[in-house]
Every structure is written in C-alpha cells, then in structure tokens.
Amino acid sequence: MTSDPSGWVDAYGDRLFRYALSRVRDEGAAEDLVQETLLAAFKSRDRFKGESSELTWMTGILRNKLFELYRRQAKEVPLLSSDEDADPQSEFFDARHWKAAAAPRDWGGEPARKAESAEFSDALRRCLDALSAGVARAFVLREMEGLEPDAAAEALGVSRGHLAVLLYRARLRLRRCLEKSLFAPEAAA
Amino acid sequence: MSFLPSCRDVSRHLSEALDSGRPLGMHVRLHLTLCEACRRVLAQFALIRHGASRAPDAGPSLSAGAKARLRRLLG
C-alpha cells in the first residue's frame with residue numbers, strides 16, 4: 001500500500017531528480033527518467049508491499065530505467081575508440097613517472113568528510129560532464145551504481161578489458177578534476 | 001629502479017585492482033613504498049569511489065514546469 005500518489009512529486013520528485021541528474025548529462029533526460037519512474041510506480045503501486053521505504057522502491061525503479069537508457073544508448077551509438085578520449089600516457093605521464101603538472105597533490109585535512117558532502121556531489125557531476133559519454137557511463141555504472149564489472153560491461157556493450165580501460169581513464173581524469181575544483185584548488189592556481 | 005613498474009603501469013594496476021579485488025603484486029607494492037604520488041592515487045581512487053557511491057543530498061530541484069506536469073499525470 002503506497003501513500004497518496006498525488007503527494008509523490010513533492011515528497012520524492014527532487015531527490016529522484018538529483019539522483020538522475022548525477023547520472024545523466026542533461027536536465028531534460030533527468031526529468032524524463034523521473035517521469036518514467038513515477039508513472040511506472042503509479043502503475044505498479046498495488047504490488048508495493050512496504051518492505052522498503054517508498055523512496056527506496058522508486059529509486060530501484062529509477063535505476064532500472066537508467067540501465068535501460070544506457071543499453072539503448074550503447075546500441076544506438078556503440079562505444080568506439082574515439083569515445084575513450086586520448087590515451088592518458090601523454091596527458092599524465094612522461095616516460096615512467098607522473099608529469100609534474102599532473103602529479104597527485106595532497107588533498108589536505110579530512111578529505112573523507114569532504115567526499116561525503118553535497119559540495120563533492122556537485123563537483124563530481126561537473127567533472128563527469130567533462131568526460132566523454134562512454135567513459136562517464138562506465139564510471140556511473142561501476143562506481144555510482146555499484147554494478148559488478150561483468151554487469152557494467154554488459155550494459156555498455158563492451159568487453160571486460162574495454163571496461164577496465166574506460167574506468168582507468170575515468171578515474172584518472174576525475175581525480176585530477178576533483179583535485180583542481182575541490183580538494184586542492186590552490187595548488188592548481 | 002627500472003626493475004620496478006612505472007607510475008603509469010602502477011596507476012593502471014591500482015584501477016584494475018579496484019574492480020578485480022585481486023591483491024596487488026609485489027612489484028606494485030614495492031613501488032608504492034617508494035612513490036608518494038602513487039600512494040596518493042591509491043587513496044584518492046578509493047575516496048572517489050566512497051564519495052561517488054553516496055546519493056546526493058543537495059543540489060538542483062525539478063523545475064516548476066516538470067512538477068506541475070507530473071502532478072497532473074499522477075493526480
């Protein structure tokens with residue numbers, strides 16, 4: 001038994017929207033996901049048994065909608081080498097070591113607390129926006145949705161080896177972007 | 001130190017270990033004892049994973065237009 005659906009938009013709309021927006025690239029796509037989620041919940045509300053909160057139930061529906069979207073995108077535009085951006089070798093490393101400008105800095109005191117802040121979520125979303133689509137989707141599925149590598153690779157239509165390449169590039173670039181924008185901006189100035 | 005893997009190889013191994021769950025090899029661990037930059041990368045990759053797995057608790061809201069449309073659909 002669910003609560004009155006007429007109250008769902010006010011109760012859950014913004015949280016579902018933030019969840020979606022942190023995983024897709026534009027507000028229109030995030031709004032579409034929220035709409036599809038709420039309508040799917042409305043249609044299946046008789047099956048909701050109350051074993052979790054309504055928000056958890058709806059977030060599960062939203063996740064499935066997100067995976068469906070990624071699968072559609074993977075079929076429509078298969079990930080090609082051009083989606084992976086340039087090889088990080090020249091961007092981050094010289095022959096063996098980190099380039100001075102790309103070498104990881106000290107992230108200062110209490111980085112773990114900062115990583116749990118709304119500020120981090122905002123910075124991560126901006127940094128994800130700067131990645132190519134395939135690299136960003138790989139990171140979302142693996143690190144934000146917590147899919148196992150095989151499942152993430154299947155959703156993206158790539159091999160495990162290709163997924164590893166995408167994730168490596170995502171982590172390197174997000175690490176540097178977060179450092180510049182949040183954790184050590186003074187070092188980058 | 002040329003018998004040790006390069007920083008590039010180590011950073012790639014660190015990323016792959018996050019997904020495979022396999023322990024780091026001896027040469028990678030030895031490199032880490034000598035290389036502060038790669039130790040930072042190890043910690044920062046883990047920190048990014050921790051932060052990314054948390055749902056955002058603040059940020060943009062649904063537009064008023066979208067809310068009105070959804071209220072009509074659910075009303």
# chains A, B, ... in the order shown; residues from 1 in each chain; ligands from 1
>>> interface_residues(of="chain A", to="chain B", cutoff="7 Å", atoms="only C-alpha atoms", output="list in words")
Pro5, Ser6, Val9, Gly13, Asp14, Phe17, Arg18, Tyr19, Gln35, Phe93, Arg96, His97, Trp98, Ala103, Pro104, Ala112, Ala115, Glu116, Ala118, Ser121, Glu143, Met144, Glu145, Pro149, Ala164, Tyr168, Arg171 and Arg175 of chain A
>>> atom_distance(atom1="atom CA of A:His162", atom2="atom CA of A:Arg63")
23.0 Å
>>> atom_distance(atom1="atom CA of A:Ala40", atom2="atom CA of A:Ile61")
7.6 Å
>>> atom_distance(atom1="atom CA of A:Leu166", atom2="atom CA of A:Phe139")
7.8 Å
>>> select_by_dssp(residues="chain B", states="alpha helix (DSSP H)", output="number ranges by chain")
B: 7-20, 26-34, 36-52, 64-74
>>> write_last_selection(atoms="C-alpha atoms", output="PDB file, in the first residue's frame")
ATOM      1  CA  CYS B   7      53.904   5.155 -12.351  1.00  0.00           C
ATOM      2  CA  ARG B   8      51.645   4.734 -15.357  1.00  0.00           C
ATOM      3  CA  ASP B   9      51.612   0.955 -15.002  1.00  0.00           C
ATOM      4  CA  VAL B  10      51.091   1.176 -11.260  1.00  0.00           C
ATOM      5  CA  SER B  11      48.161   3.581 -11.565  1.00  0.00           C
ATOM      6  CA  ARG B  12      46.572   1.221 -14.101  1.00  0.00           C
ATOM      7  CA  HIS B  13      47.110  -1.753 -11.780  1.00  0.00           C
ATOM      8  CA  LEU B  14      45.537   0.209  -8.919  1.00  0.00           C
ATOM      9  CA  SER B  15      42.467   0.951 -11.022  1.00  0.00           C
ATOM     10  CA  GLU B  16      42.156  -2.666 -12.142  1.00  0.00           C
ATOM     11  CA  ALA B  17      42.559  -3.931  -8.581  1.00  0.00           C
ATOM     12  CA  LEU B  18      39.548  -1.868  -7.531  1.00  0.00           C
ATOM     13  CA  ASP B  19      37.448  -3.932  -9.936  1.00  0.00           C
ATOM     14  CA  SER B  20      39.063  -7.345  -9.720  1.00  0.00           C
ATOM     15  CA  MET B  26      54.883  -7.482  -5.062  1.00  0.00           C
ATOM     16  CA  HIS B  27      56.448  -5.068  -7.562  1.00  0.00           C
ATOM     17  CA  VAL B  28      53.467  -2.734  -7.363  1.00  0.00           C
ATOM     18  CA  ARG B  29      53.584  -2.788  -3.567  1.00  0.00           C
ATOM     19  CA  LEU B  30      57.284  -2.085  -3.616  1.00  0.00           C
ATOM     20  CA  HIS B  31      56.734   0.814  -5.993  1.00  0.00           C
ATOM     21  CA  LEU B  32      54.135   2.201  -3.602  1.00  0.00           C
ATOM     22  CA  THR B  33      56.560   2.169  -0.704  1.00  0.00           C
ATOM     23  CA  LEU B  34      58.879   4.399  -2.736  1.00  0.00           C
ATOM     24  CA  GLU B  36      54.309   9.183  -2.697  1.00  0.00           C
ATOM     25  CA  ALA B  37      52.368  10.241  -5.817  1.00  0.00           C
ATOM     26  CA  CYS B  38      51.131   6.701  -6.455  1.00  0.00           C
ATOM     27  CA  ARG B  39      50.254   6.245  -2.770  1.00  0.00           C
ATOM     28  CA  ARG B  40      48.121   9.351  -3.075  1.00  0.00           C
ATOM     29  CA  VAL B  41      46.440   7.989  -6.195  1.00  0.00           C
ATOM     30  CA  LEU B  42      45.604   4.763  -4.393  1.00  0.00           C
ATOM     31  CA  ALA B  43      43.960   6.686  -1.547  1.00  0.00           C
ATOM     32  CA  GLN B  44      42.234   9.136  -3.879  1.00  0.00           C
ATOM     33  CA  PHE B  45      40.750   6.441  -6.152  1.00  0.00           C
ATOM     34  CA  ALA B  46      39.248   4.829  -3.045  1.00  0.00           C
ATOM     35  CA  LEU B  47      37.978   8.167  -1.769  1.00  0.00           C
ATOM     36  CA  ILE B  48      36.310   8.956  -5.094  1.00  0.00           C
ATOM     37  CA  ARG B  49      34.612   5.547  -5.007  1.00  0.00           C
ATOM     38  CA  HIS B  50      33.353   6.220  -1.499  1.00  0.00           C
ATOM     39  CA  GLY B  51      32.022   9.662  -2.382  1.00  0.00           C
ATOM     40  CA  ALA B  52      30.508   8.599  -5.699  1.00  0.00           C
ATOM     41  CA  ALA B  64       8.306  24.036 -11.567  1.00  0.00           C
ATOM     42  CA  GLY B  65       7.035  23.100 -15.020  1.00  0.00           C
ATOM     43  CA  ALA B  66       8.072  19.481 -14.640  1.00  0.00           C
ATOM     44  CA  LYS B  67       6.489  19.299 -11.195  1.00  0.00           C
ATOM     45  CA  ALA B  68       3.220  20.709 -12.488  1.00  0.00           C
ATOM     46  CA  ARG B  69       3.195  18.244 -15.388  1.00  0.00           C
ATOM     47  CA  LEU B  70       3.891  15.307 -13.090  1.00  0.00           C
ATOM     48  CA  ARG B  71       1.235  16.382 -10.610  1.00  0.00           C
ATOM     49  CA  ARG B  72      -1.316  16.391 -13.442  1.00  0.00           C
ATOM     50  CA  LEU B  73      -0.204  12.913 -14.541  1.00  0.00           C
ATOM     51  CA  LEU B  74      -0.435  11.492 -11.031  1.00  0.00           C
TER      52      LEU B  74
END
>>> residues_around(residues="A:Trp107", least_positions_apart="6", cutoff="8 Å", atoms="only C-alpha atoms", output="PDB file with C-alpha atoms, in the first residue's frame")
ATOM      1  CA  GLU A 179      41.676  17.979  -7.124  1.00  0.00           C
ATOM      2  CA  PHE A 183      40.405  19.205  -2.851  1.00  0.00           C
ATOM      3  CA  ALA A 184      43.447  21.306  -3.722  1.00  0.00           C
TER       4      ALA A 184
END
